[in-house]
>>> print(open('model07.cif').read())   # mmCIF, C-alpha atoms
data_upload
#
loop_
_atom_site.label_atom_id
_atom_site.label_comp_id
_atom_site.auth_asym_id
_atom_site.auth_seq_id
_atom_site.Cartn_x
_atom_site.Cartn_y
_atom_site.Cartn_z
CA MET A 1 -69.92 68.64 -229.25
CA ALA A 2 -67.13 69.62 -226.83
CA SER A 3 -63.88 70.80 -228.34
CA SER A 4 -60.56 69.05 -227.71
CA SER A 5 -59.43 72.04 -225.64
CA THR A 6 -62.42 71.49 -223.31
CA TYR A 7 -61.50 67.82 -222.80
CA TYR A 8 -57.92 68.85 -222.16
CA SER A 9 -59.01 71.40 -219.54
CA LEU A 10 -61.20 68.80 -217.80
CA PHE A 11 -58.27 66.36 -217.85
CA LEU A 12 -55.98 68.92 -216.21
CA LEU A 13 -58.68 69.73 -213.62
CA ILE A 14 -59.05 66.04 -212.70
CA ILE A 15 -55.27 65.70 -212.32
CA PHE A 16 -55.19 68.83 -210.16
CA PHE A 17 -57.89 67.59 -207.79
CA THR A 18 -56.31 64.13 -207.63
CA LEU A 19 -52.91 65.55 -206.70
CA ALA A 20 -54.53 67.91 -204.19
CA SER A 21 -56.36 64.98 -202.58
CA ILE A 22 -53.14 62.97 -202.32
CA ALA A 23 -51.29 65.93 -200.81
CA MET A 24 -54.08 66.51 -198.33
CA ALA A 25 -54.13 62.84 -197.35
CA ARG A 26 -50.38 62.87 -196.82
CA SER A 27 -50.59 66.00 -194.70
CA GLN A 28 -53.20 64.44 -192.41
CA PRO A 29 -51.78 62.18 -189.68
CA ASN A 30 -53.01 58.61 -189.65
CA GLN A 31 -54.44 56.96 -186.54
CA ILE A 32 -51.04 55.72 -185.31
CA GLU A 33 -49.55 59.18 -185.70
CA ARG A 34 -52.52 60.72 -183.90
CA ASP A 35 -52.09 58.26 -181.02
CA ILE A 36 -48.38 59.11 -180.76
CA LEU A 37 -49.10 62.85 -180.72
CA ALA A 38 -51.80 62.33 -178.09
CA GLN A 39 -49.40 60.39 -175.85
CA GLN A 40 -46.71 63.04 -176.22
CA GLU A 41 -49.23 65.73 -175.32
CA ALA A 42 -50.30 63.70 -172.29
CA ASP A 43 -46.65 63.45 -171.15
CA GLN A 44 -45.85 67.12 -171.66
CA VAL A 45 -45.09 68.97 -168.43
CA MET A 46 -46.58 72.44 -168.71
CA ARG A 47 -44.97 73.85 -165.56
CA LEU A 48 -43.88 72.50 -162.20
CA PRO A 49 -44.66 74.16 -158.87
CA GLY A 50 -41.92 76.67 -158.12
CA GLN A 51 -40.36 76.27 -161.57
CA PRO A 52 -38.71 79.21 -163.37
CA LEU A 53 -40.00 80.05 -166.82
CA VAL A 54 -38.13 78.36 -169.70
CA ASN A 55 -38.39 78.35 -173.49
CA PHE A 56 -37.95 74.60 -174.07
CA LYS A 57 -40.39 71.72 -173.76
CA GLN A 58 -40.25 69.00 -171.14
CA TYR A 59 -41.99 65.65 -170.86
CA SER A 60 -42.27 63.02 -168.16
CA GLY A 61 -44.17 59.82 -167.47
CA TYR A 62 -43.92 56.07 -167.62
CA ILE A 63 -42.68 53.62 -170.22
CA THR A 64 -43.72 49.99 -169.73
CA VAL A 65 -40.82 47.53 -169.96
CA ASN A 66 -42.69 44.32 -169.03
CA GLU A 67 -46.46 44.20 -169.46
CA SER A 68 -47.06 40.82 -167.83
CA HIS A 69 -45.18 41.86 -164.65
CA GLY A 70 -46.43 45.43 -164.70
CA ARG A 71 -42.92 46.89 -164.75
CA ALA A 72 -42.57 50.54 -165.80
CA LEU A 73 -39.69 53.02 -165.67
CA PHE A 74 -40.20 56.72 -164.99
CA TYR A 75 -38.49 59.25 -167.25
CA TRP A 76 -38.04 63.02 -167.43
CA PHE A 77 -37.01 64.48 -170.78
CA PHE A 78 -35.92 68.01 -171.72
CA GLU A 79 -35.58 69.40 -175.22
CA ALA A 80 -32.33 71.23 -175.95
CA THR A 81 -32.53 74.95 -175.27
CA ASN A 82 -31.87 76.02 -178.86
CA ASN A 83 -32.37 74.18 -182.16
CA PRO A 84 -33.15 70.81 -180.54
CA GLU A 85 -33.48 69.25 -183.99
CA ASN A 86 -29.75 69.85 -184.51
CA LYS A 87 -28.61 68.48 -181.13
CA PRO A 88 -27.94 64.84 -180.17
CA LEU A 89 -29.93 62.87 -177.60
CA LEU A 90 -28.16 62.10 -174.30
CA LEU A 91 -29.33 59.62 -171.66
CA TRP A 92 -28.06 60.20 -168.10
CA LEU A 93 -27.99 57.43 -165.48
CA ASN A 94 -27.10 57.49 -161.80
CA GLY A 95 -26.13 54.32 -160.01
CA GLY A 96 -26.23 53.13 -156.44
CA PRO A 97 -27.37 50.54 -157.32
CA GLY A 98 -30.79 51.86 -156.47
CA CYS A 99 -30.30 55.66 -156.72
CA SER A 100 -32.40 58.09 -158.70
CA SER A 101 -31.23 59.90 -161.82
CA ILE A 102 -34.00 62.43 -161.14
CA GLY A 103 -32.89 63.19 -157.60
CA TYR A 104 -29.17 63.37 -158.31
CA GLY A 105 -28.58 63.93 -162.03
CA GLU A 106 -31.48 66.26 -162.77
CA ALA A 107 -32.09 68.10 -159.49
CA GLU A 108 -28.56 68.38 -158.09
CA GLU A 109 -26.07 68.08 -160.95
CA LEU A 110 -26.67 68.74 -164.64
CA GLY A 111 -30.38 69.13 -165.30
CA PRO A 112 -32.16 72.38 -166.21
CA PHE A 113 -33.79 72.63 -162.76
CA LEU A 114 -31.70 72.42 -159.60
CA MET A 115 -33.10 72.27 -156.10
CA GLN A 116 -33.11 75.67 -154.43
CA LYS A 117 -31.27 75.64 -151.11
CA GLY A 118 -33.37 76.59 -148.12
CA THR A 119 -36.70 75.88 -149.79
CA PRO A 120 -38.20 73.00 -151.78
CA GLN A 121 -38.34 75.00 -155.02
CA LEU A 122 -36.45 74.94 -158.32
CA ARG A 123 -33.88 77.30 -159.79
CA PHE A 124 -32.56 77.40 -163.34
CA ASN A 125 -29.17 75.78 -163.93
CA ASN A 126 -27.02 78.07 -166.08
CA TYR A 127 -24.78 75.10 -166.90
CA SER A 128 -27.49 72.60 -167.76
CA TRP A 129 -26.42 69.96 -170.24
CA ASN A 130 -29.56 70.52 -172.32
CA GLN A 131 -27.69 73.49 -173.78
CA VAL A 132 -25.81 70.96 -175.93
CA ALA A 133 -28.14 67.95 -176.05
CA ASN A 134 -31.72 66.78 -175.74
CA LEU A 135 -31.52 65.38 -172.23
CA LEU A 136 -33.20 62.21 -170.95
CA PHE A 137 -33.21 61.01 -167.31
CA VAL A 138 -34.50 57.57 -166.28
CA GLU A 139 -35.09 56.10 -162.83
CA SER A 140 -33.72 52.60 -163.17
CA PRO A 141 -34.23 49.80 -162.20
CA VAL A 142 -37.81 49.33 -160.99
CA GLY A 143 -38.10 50.16 -157.31
CA VAL A 144 -36.02 53.32 -157.76
CA GLY A 145 -37.80 56.66 -157.35
CA PHE A 146 -41.13 56.62 -159.17
CA SER A 147 -40.37 53.49 -161.23
CA TYR A 148 -42.44 50.51 -160.12
CA THR A 149 -43.42 46.89 -160.62
CA ASN A 150 -46.67 45.13 -159.83
CA THR A 151 -44.77 41.86 -159.26
CA SER A 152 -43.11 41.92 -155.85
CA ASN A 153 -40.60 39.18 -156.72
CA ASP A 154 -39.05 41.50 -159.32
CA ILE A 155 -37.39 43.52 -156.53
CA ILE A 156 -35.50 40.50 -155.16
CA GLU A 157 -34.35 39.45 -158.62
CA LEU A 158 -32.67 42.72 -159.58
CA GLY A 159 -29.11 42.88 -160.83
CA ASP A 160 -26.93 44.25 -163.62
CA THR A 161 -28.38 41.97 -166.29
CA ILE A 162 -32.08 42.72 -165.77
CA THR A 163 -31.30 46.42 -165.33
CA ALA A 164 -29.56 46.55 -168.71
CA LYS A 165 -32.34 44.59 -170.43
CA ASP A 166 -35.12 46.73 -168.96
CA SER A 167 -33.24 49.92 -169.83
CA TYR A 168 -32.88 48.72 -173.41
CA THR A 169 -36.60 47.88 -173.61
CA PHE A 170 -37.32 51.31 -172.17
CA LEU A 171 -35.31 52.97 -174.95
CA VAL A 172 -36.99 50.97 -177.72
CA ASN A 173 -40.43 51.85 -176.34
CA TRP A 174 -39.47 55.47 -175.62
CA PHE A 175 -38.41 55.91 -179.23
CA GLY A 176 -41.77 54.41 -180.16
CA ARG A 177 -43.44 57.21 -178.21
CA PHE A 178 -41.05 59.86 -179.55
CA PRO A 179 -40.20 58.60 -183.06
CA GLN A 180 -38.95 62.02 -184.14
CA TYR A 181 -35.75 61.30 -182.17
CA LYS A 182 -34.94 57.94 -183.79
CA SER A 183 -32.56 59.48 -186.30
CA TYR A 184 -30.70 61.57 -183.71
CA ASP A 185 -27.18 60.64 -182.65
CA PHE A 186 -27.62 58.90 -179.30
CA TYR A 187 -25.17 58.88 -176.37
CA ILE A 188 -25.17 57.66 -172.76
CA SER A 189 -23.46 59.17 -169.74
CA GLY A 190 -23.55 58.55 -166.01
CA GLU A 191 -21.68 58.24 -162.75
CA SER A 192 -21.26 56.11 -159.64
CA TYR A 193 -22.59 52.56 -160.15
CA ALA A 194 -23.66 53.72 -163.61
CA GLY A 195 -20.03 52.84 -164.34
CA HIS A 196 -21.67 49.40 -164.66
CA TYR A 197 -25.04 50.51 -166.03
CA VAL A 198 -23.65 52.61 -168.88
CA PRO A 199 -21.29 50.12 -170.58
CA GLU A 200 -23.67 47.22 -169.93
CA LEU A 201 -26.57 49.05 -171.58
CA ALA A 202 -24.21 50.14 -174.35
CA GLU A 203 -23.32 46.49 -174.99
CA VAL A 204 -27.00 45.47 -175.21
CA ILE A 205 -27.66 48.26 -177.73
CA PHE A 206 -24.50 47.41 -179.69
CA ASP A 207 -25.39 43.71 -179.91
CA SER A 208 -29.11 44.25 -180.57
CA ASN A 209 -28.47 46.73 -183.37
CA LYS A 210 -26.96 43.90 -185.42
CA ASN A 211 -30.26 42.01 -185.59
CA VAL A 212 -33.18 44.38 -185.04
CA SER A 213 -35.53 45.91 -187.57
CA LYS A 214 -35.14 49.45 -188.81
CA GLU A 215 -37.91 50.53 -186.41
CA GLU A 216 -35.95 49.31 -183.35
CA TYR A 217 -32.47 50.34 -184.48
CA ILE A 218 -30.86 52.91 -182.14
CA ASN A 219 -28.43 55.39 -183.68
CA PHE A 220 -25.90 54.80 -180.89
CA LYS A 221 -22.57 56.64 -181.13
CA GLY A 222 -20.81 56.33 -177.78
CA PHE A 223 -20.75 56.80 -174.03
CA MET A 224 -18.97 58.73 -171.29
CA ASP A 225 -19.02 57.55 -167.69
CA LYS A 226 -17.36 57.59 -164.34
CA TRP A 227 -16.04 54.69 -162.29
CA HIS A 228 -18.61 53.29 -159.88
CA ARG A 229 -19.19 53.92 -156.17
CA ARG A 230 -21.81 55.64 -154.07
CA PRO A 231 -21.99 59.45 -154.36
CA ALA A 232 -20.10 61.44 -151.74
CA GLY A 233 -19.29 65.05 -150.99
CA TYR A 234 -22.61 66.70 -151.84
CA ASP A 235 -24.63 68.92 -149.52
CA PRO A 236 -27.04 66.53 -147.75
CA CYS A 237 -29.47 69.37 -147.09
CA VAL A 238 -30.09 69.76 -150.81
CA SER A 239 -31.11 66.11 -150.92
CA ASP A 240 -33.51 66.74 -148.04
CA TYR A 241 -35.15 69.54 -150.02
CA SER A 242 -35.44 67.26 -153.05
CA GLU A 243 -37.21 64.58 -151.03
CA VAL A 244 -39.71 67.11 -149.73
CA TYR A 245 -40.28 68.50 -153.23
CA PHE A 246 -40.73 65.23 -155.13
CA ASN A 247 -43.12 63.88 -152.49
CA ARG A 248 -45.48 66.84 -152.91
CA PRO A 249 -48.77 65.69 -154.50
CA ASP A 250 -48.90 68.74 -156.79
CA VAL A 251 -45.36 68.04 -158.05
CA GLN A 252 -46.16 64.39 -158.70
CA GLU A 253 -49.33 65.38 -160.54
CA ALA A 254 -47.42 67.84 -162.73
CA LEU A 255 -44.81 65.16 -163.53
CA HIS A 256 -47.44 62.47 -164.20
CA ALA A 257 -45.66 60.45 -161.51
CA ASN A 258 -46.82 57.97 -158.87
CA VAL A 259 -49.95 57.16 -160.85
CA THR A 260 -50.26 53.77 -159.13
CA ASN A 261 -49.97 55.19 -155.59
CA ILE A 262 -46.67 53.52 -154.72
CA PRO A 263 -46.86 52.49 -151.03
CA TYR A 264 -43.60 54.19 -150.05
CA PRO A 265 -42.23 57.74 -150.40
CA TRP A 266 -39.91 58.90 -153.17
CA THR A 267 -36.29 58.78 -152.02
CA HIS A 268 -32.91 59.40 -153.64
CA CYS A 269 -31.80 55.84 -153.07
CA SER A 270 -34.32 53.03 -152.69
CA ASN A 271 -34.63 51.33 -149.33
CA ASN A 272 -36.53 48.51 -151.06
CA ILE A 273 -33.52 47.28 -153.02
CA SER A 274 -31.53 45.23 -150.52
CA PHE A 275 -30.50 42.40 -152.85
CA TRP A 276 -28.48 42.52 -156.05
CA SER A 277 -28.16 39.24 -157.92
CA ASP A 278 -25.31 39.91 -160.34
CA ALA A 279 -22.52 42.45 -160.56
CA PRO A 280 -19.40 41.53 -162.55
CA SER A 281 -16.13 42.42 -160.84
CA SER A 282 -15.01 44.34 -163.94
CA VAL A 283 -16.65 45.91 -166.97
CA LEU A 284 -13.31 46.29 -168.75
CA PRO A 285 -14.03 43.42 -171.18
CA ILE A 286 -17.25 45.18 -172.22
CA ILE A 287 -15.45 48.49 -172.67
CA LYS A 288 -12.74 46.83 -174.77
CA LYS A 289 -15.40 45.15 -176.94
CA LEU A 290 -17.20 48.45 -177.55
CA ILE A 291 -13.96 50.29 -178.31
CA ASP A 292 -13.14 47.61 -180.88
CA GLY A 293 -16.66 48.07 -182.25
CA GLY A 294 -15.91 51.70 -183.05
CA LEU A 295 -17.93 53.45 -180.34
CA ARG A 296 -16.69 56.69 -178.81
CA VAL A 297 -15.67 56.08 -175.18
CA TRP A 298 -14.60 58.68 -172.61
CA VAL A 299 -14.00 58.10 -168.90
CA TYR A 300 -13.85 61.06 -166.52
CA SER A 301 -12.91 61.61 -162.88
CA GLY A 302 -12.83 64.44 -160.36
CA ASP A 303 -9.26 64.80 -159.14
CA THR A 304 -10.32 65.37 -155.51
CA ASP A 305 -12.62 62.33 -155.45
CA GLY A 306 -11.48 60.43 -152.36
CA ARG A 307 -13.71 57.44 -153.11
CA ILE A 308 -12.27 56.74 -156.55
CA PRO A 309 -8.81 58.31 -156.82
CA VAL A 310 -7.49 59.26 -160.25
CA THR A 311 -4.47 57.00 -159.79
CA ALA A 312 -6.69 53.96 -159.24
CA THR A 313 -8.68 54.73 -162.39
CA ARG A 314 -5.47 55.09 -164.41
CA TYR A 315 -4.20 51.73 -163.20
CA THR A 316 -7.53 50.17 -164.14
CA LEU A 317 -7.58 51.67 -167.63
CA ASN A 318 -4.00 50.52 -168.21
CA LYS A 319 -5.30 46.94 -167.97
CA LEU A 320 -7.04 47.48 -171.30
CA GLY A 321 -3.64 47.43 -172.96
CA LEU A 322 -4.46 50.35 -175.24
CA LYS A 323 -1.70 52.31 -176.90
CA ILE A 324 -1.29 55.85 -175.55
CA SER A 325 -1.36 58.44 -178.33
CA GLU A 326 -1.21 61.51 -176.07
CA ASP A 327 -0.01 61.17 -172.49
CA TRP A 328 -1.00 63.29 -169.46
CA THR A 329 -1.74 66.65 -171.07
CA PRO A 330 -3.44 69.60 -169.37
CA TRP A 331 -6.67 70.96 -170.79
CA TYR A 332 -7.86 74.52 -170.36
CA THR A 333 -11.02 76.49 -169.71
CA ASN A 334 -11.79 79.75 -171.47
CA HIS A 335 -10.39 81.65 -168.47
CA GLU A 336 -6.90 80.35 -169.27
CA GLN A 337 -7.00 78.05 -166.27
CA VAL A 338 -6.09 74.40 -166.22
CA GLY A 339 -9.39 72.51 -166.20
CA GLY A 340 -7.77 69.13 -165.63
CA TRP A 341 -5.67 66.57 -167.46
CA THR A 342 -6.25 64.10 -170.28
CA ILE A 343 -4.75 60.86 -171.51
CA ILE A 344 -5.77 59.85 -175.01
CA TYR A 345 -5.54 56.15 -175.73
CA ASP A 346 -6.17 54.39 -179.00
CA GLY A 347 -9.99 54.35 -178.79
CA LEU A 348 -10.55 55.89 -175.34
CA THR A 349 -10.07 59.29 -173.71
CA PHE A 350 -9.55 59.68 -169.96
CA VAL A 351 -10.27 63.13 -168.51
CA THR A 352 -9.75 64.50 -165.01
CA VAL A 353 -11.60 67.57 -163.78
CA ARG A 354 -9.57 69.80 -161.53
CA GLY A 355 -11.09 70.52 -158.12
CA ALA A 356 -14.08 68.21 -158.62
CA GLY A 357 -15.24 65.52 -156.22
CA HIS A 358 -17.33 62.46 -156.98
CA GLN A 359 -20.28 64.35 -158.49
CA VAL A 360 -18.37 66.35 -161.08
CA PRO A 361 -21.30 68.49 -162.39
CA THR A 362 -22.15 69.48 -158.80
CA PHE A 363 -18.65 70.59 -157.85
CA LYS A 364 -17.52 72.06 -161.20
CA PRO A 365 -20.61 72.71 -163.35
CA LYS A 366 -18.91 74.93 -165.94
CA LYS A 367 -16.06 72.49 -166.51
CA ALA A 368 -18.53 69.60 -166.66
CA LEU A 369 -20.49 71.40 -169.39
CA GLN A 370 -17.27 71.98 -171.32
CA LEU A 371 -16.44 68.29 -170.94
CA ILE A 372 -19.77 67.00 -172.30
CA THR A 373 -19.73 69.61 -175.10
CA HIS A 374 -16.39 68.36 -176.41
CA PHE A 375 -17.35 64.71 -175.98
CA LEU A 376 -20.54 65.11 -178.02
CA ALA A 377 -18.70 67.08 -180.71
CA ASN A 378 -15.89 64.47 -180.79
CA GLU A 379 -13.37 67.25 -180.18
CA LYS A 380 -10.28 67.18 -177.99
CA LEU A 381 -10.36 69.47 -174.99
CA PRO A 382 -8.21 72.60 -175.53
CA SER A 383 -4.55 71.84 -174.79
CA LYS A 384 -3.58 75.52 -174.58
CA PRO A 385 -5.17 78.65 -173.10
CA PHE A 386 -7.72 80.39 -175.35
#
>>> encode(input="model07.cif", output="structure tokens")
Amino acid sequence: MASSSTYYSLFLLIIFFTLASIAMARSQPNQIERDILAQQEADQVMRLPGQPLVNFKQYSGYITVNESHGRALFYWFFEATNNPENKPLLLWLNGGPGCSSIGYGEAEELGPFLMQKGTPQLRFNNYSWNQVANLLFVESPVGVGFSYTNTSNDIIELGDTITAKDSYTFLVNWFGRFPQYKSYDFYISGESYAGHYVPELAEVIFDSNKNVSKEEYINFKGFMDKWHRRPAGYDPCVSDYSEVYFNRPDVQEALHANVTNIPYPWTHCSNNISFWSDAPSSVLPIIKKLIDGGLRVWVYSGDTDGRIPVTATRYTLNKLGLKISEDWTPWYTNHEQVGGWTIIYDGLTFVTVRGAGHQVPTFKPKKALQLITHFLANEKLPSKPF
């Protein structure tokens, strides 16, 4: 007859193996998790032709935004250079309408890889914004860059509204593919006609967050953009090199791009988009609504931008009727130079960047990095030399 101590030992052994089995089951990914990991691995870009070596991961591919129409947006995502788990997620959009965030934003302005002058190869950007954020570029709407639709009528029905809706669907589905970023603080920035895209997408997120499930909720904190118009002042030769590079079959294969054999070449600005169905004359009501909703809003401008002068932007912002808490104050770089000027309103910050044209990160990359760093940290730009 077994002693009570023997029964007790068997009881403890059963508990041990039960707990071990539970722990093992929890440590093993389920089928959904395995599918997500497999898709992320499929999207990972190991290395592009002519790319310098880097120590961060990058991903690119397609996110479907309308299955019945066969609409899909192309993205390129870069982890932050250090401690990406402690950095926010930033979406960058270029405008046009019809211009590529890959061609301008990533390859000529603020991305980790800039187009090398004189040859269709890449060089590392020492002022890349993925030093301070996990950085996401999207070619939007369909018809731009590598983004496509299998329904030809979609191209003649484009406008601000459908662009904002598709971009929102993209984000929901992108977070489904990369759920590890759902809890990250999320921000949007852009330039040119993205002065429409950014606040309009922000409004869709803001409104949708009130009614969606926890799985589709976006941890949206604010946006920073630039008044809209077509880009001007950049070196057109760099754009030529970009078009050669992104049309190379080996580059497209590495980026998992053009998987449907789009019947036209990749270009900075789409020649297929010749009609735009809706474009409100002003996005100020949207900006006012989002300020009242507690979002962080910054507007920036290059002070040598001949297309959108600083004075015109100031007059426009004054129409919001916001109280000025700090008027026309210089901000400084770490070389004790004036970086530009700021006006801080009740709920909005306006920043000028000294010596910058329309594409601020192209003309003044170091100041642009300082600008986005302070915006993401919710810190005022330095008002005295340091």
>>> resolve_selection(input="model07.cif", expression="the PyMOL selection byres ((chain A and resi 266) around 7)", output="NGL selection string")
:A and (145-146 or 243 or 246-247 or 264-265 or 267)
>>> residues_near_point(input="model07.cif", point="(-10.4, 65.1, -168.3)", cutoff="10 Å", atoms="all atoms listed in the file", output="JSON, numbers by chain")
{"A": [298, 299, 300, 301, 302, 303, 328, 329, 330, 331, 332, 339, 340, 341, 342, 343, 344, 349, 350, 351, 352, 353, 354, 367, 368, 371, 380, 381]}
>>> closest_atom_pairs(input="model07.cif", of="segment 66-99 of chain A", to="segment 130-143 of chain A", cutoff="8 Å", atoms="only C-alpha atoms", output="Markdown table")
| residue | atom | partner | partner_atom | distance |
| --- | --- | --- | --- | --- |
| A:Arg71 | CA | A:Val142 | CA | 6.8 |
| A:Ala72 | CA | A:Val142 | CA | 6.9 |
| A:Leu73 | CA | A:Glu139 | CA | 6.2 |
| A:Phe74 | CA | A:Glu139 | CA | 5.6 |
| A:Tyr75 | CA | A:Val138 | CA | 4.4 |
| A:Trp76 | CA | A:Phe137 | CA | 5.2 |
| A:Phe77 | CA | A:Leu136 | CA | 4.4 |
| A:Phe78 | CA | A:Leu135 | CA | 5.2 |
| A:Glu79 | CA | A:Asn134 | CA | 4.7 |
| A:Ala80 | CA | A:Asn134 | CA | 4.5 |
| A:Thr81 | CA | A:Gln131 | CA | 5.3 |
| A:Asn82 | CA | A:Gln131 | CA | 7.0 |
| A:Pro84 | CA | A:Asn134 | CA | 6.4 |
| A:Lys87 | CA | A:Ala133 | CA | 5.1 |
| A:Pro88 | CA | A:Ala133 | CA | 5.2 |
| A:Leu89 | CA | A:Asn134 | CA | 4.7 |
| A:Leu90 | CA | A:Leu135 | CA | 5.1 |
| A:Leu91 | CA | A:Leu136 | CA | 4.7 |
| A:Trp92 | CA | A:Phe137 | CA | 5.3 |
| A:Leu93 | CA | A:Val138 | CA | 6.6 |
| A:Gly98 | CA | A:Pro141 | CA | 7.0 |
| A:Cys99 | CA | A:Glu139 | CA | 7.8 |
>>> closest_residue(input="model07.cif", among="A:Asn150, A:Tyr184, A:Tyr193, A:Asp207", to="Lys165 of chain A", atoms="only C-alpha atoms")
A:Asp207
>>> atom_distance(input="model07.cif", atom1="atom CA of Asp278 of chain A", atom2="atom CA of Thr161 of chain A")
7.0 Å
>>> closest_residue(input="model07.cif", among="A:Asn86, A:Ser128, A:Ser167, A:Ser192", to="Ser147 of chain A", atoms="all atoms listed in the file")
A:Ser167
>>> atom_distance(input="model07.cif", atom1="atom CA of Thr169 of chain A", atom2="atom CA of Val65 of chain A")
5.6 Å
>>> atom_distance(input="model07.cif", atom1="atom CA of Leu114 of chain A", atom2="atom CA of Val251 of chain A")
14.4 Å
>>> axis_aligned_box(input="model07.cif", around="segment 192-205 of chain A", padding_each_side="5 Å", output="AutoDock Vina command-line options")
--center_x -23.8 --center_y 50.8 --center_z -168.7 --size_x 17.6 --size_y 20.6 --size_z 28.1
>>> closest_residue(input="model07.cif", among="A:Ala312, A:Met224, A:Val144, A:Leu37", to="Thr373 of chain A", atoms="all atoms listed in the file")
A:Met224
>>> closest_residue(input="model07.cif", among="A:Ser60, A:Asn66, A:Ser101, A:Gln337", to="Glu41 of chain A", atoms="all atoms listed in the file")
A:Ser60
>>> closest_residue(input="model07.cif", among="A:Ser325, A:Asp160, A:Asn378, A:Arg296", to="Ser281 of chain A", atoms="only C-alpha atoms")
A:Asp160
>>> resolve_selection(input="model07.cif", expression="the PyMOL selection byres ((chain A and resi 43) around 10)", output="list in words")
Leu37, Ala38, Gln39, Gln40, Glu41, Ala42, Gln44, Val45, Met46, Gln58, Tyr59, Ser60, Gly61, Tyr62, Tyr75, Trp76, Phe77, Arg177, Ala254, Leu255 and His256 of chain A
>>> closest_residue(input="model07.cif", among="A:Thr119, A:Trp174, A:Pro97, A:Thr333", to="Ala279 of chain A", atoms="all atoms listed in the file")
A:Pro97
>>> resolve_selection(input="model07.cif", expression="the PyMOL selection byres ((chain A and resi 218) around 8)", output="number ranges by chain")
A: 172, 182-183, 186, 205, 209, 216-217, 219-220
>>> build_atoms(input="model07.cif", residues="segment 99-103 of chain A", atoms="all heavy atoms", output="mmCIF file, keeping the file's coordinate frame")
data_model
loop_
_atom_site.group_PDB
_atom_site.id
_atom_site.type_symbol
_atom_site.label_atom_id
_atom_site.label_comp_id
_atom_site.auth_asym_id
_atom_site.auth_seq_id
_atom_site.Cartn_x
_atom_site.Cartn_y
_atom_site.Cartn_z
ATOM 1 N N CYS A 99 -30.175 54.212 -156.910
ATOM 2 C CA CYS A 99 -30.300 55.660 -156.720
ATOM 3 C C CYS A 99 -30.908 56.337 -157.937
ATOM 4 O O CYS A 99 -30.761 55.870 -159.071
ATOM 5 C CB CYS A 99 -28.933 56.272 -156.388
ATOM 6 S SG CYS A 99 -28.290 55.733 -154.783
ATOM 7 N N SER A 100 -31.576 57.439 -157.694
ATOM 8 C CA SER A 100 -32.400 58.090 -158.700
ATOM 9 C C SER A 100 -31.627 59.068 -159.571
ATOM 10 O O SER A 100 -30.928 59.954 -159.065
ATOM 11 C CB SER A 100 -33.544 58.849 -157.996
ATOM 12 O OG SER A 100 -34.187 59.733 -158.885
ATOM 13 N N SER A 101 -31.807 58.943 -160.875
ATOM 14 C CA SER A 101 -31.230 59.900 -161.820
ATOM 15 C C SER A 101 -31.988 61.227 -161.796
ATOM 16 O O SER A 101 -31.448 62.256 -162.219
ATOM 17 C CB SER A 101 -31.258 59.326 -163.238
ATOM 18 O OG SER A 101 -30.534 58.119 -163.307
ATOM 19 N N ILE A 102 -33.224 61.196 -161.301
ATOM 20 C CA ILE A 102 -34.000 62.430 -161.140
ATOM 21 C C ILE A 102 -33.471 63.219 -159.954
ATOM 22 O O ILE A 102 -33.214 64.414 -160.034
ATOM 23 C CB ILE A 102 -35.495 62.108 -160.946
ATOM 24 C CG1 ILE A 102 -36.048 61.280 -162.119
ATOM 25 C CG2 ILE A 102 -36.293 63.381 -160.724
ATOM 26 C CD1 ILE A 102 -35.995 61.946 -163.445
ATOM 27 N N GLY A 103 -33.302 62.518 -158.820
ATOM 28 C CA GLY A 103 -32.890 63.190 -157.600
ATOM 29 C C GLY A 103 -31.475 63.725 -157.650
ATOM 30 O O GLY A 103 -31.204 64.841 -157.199
#
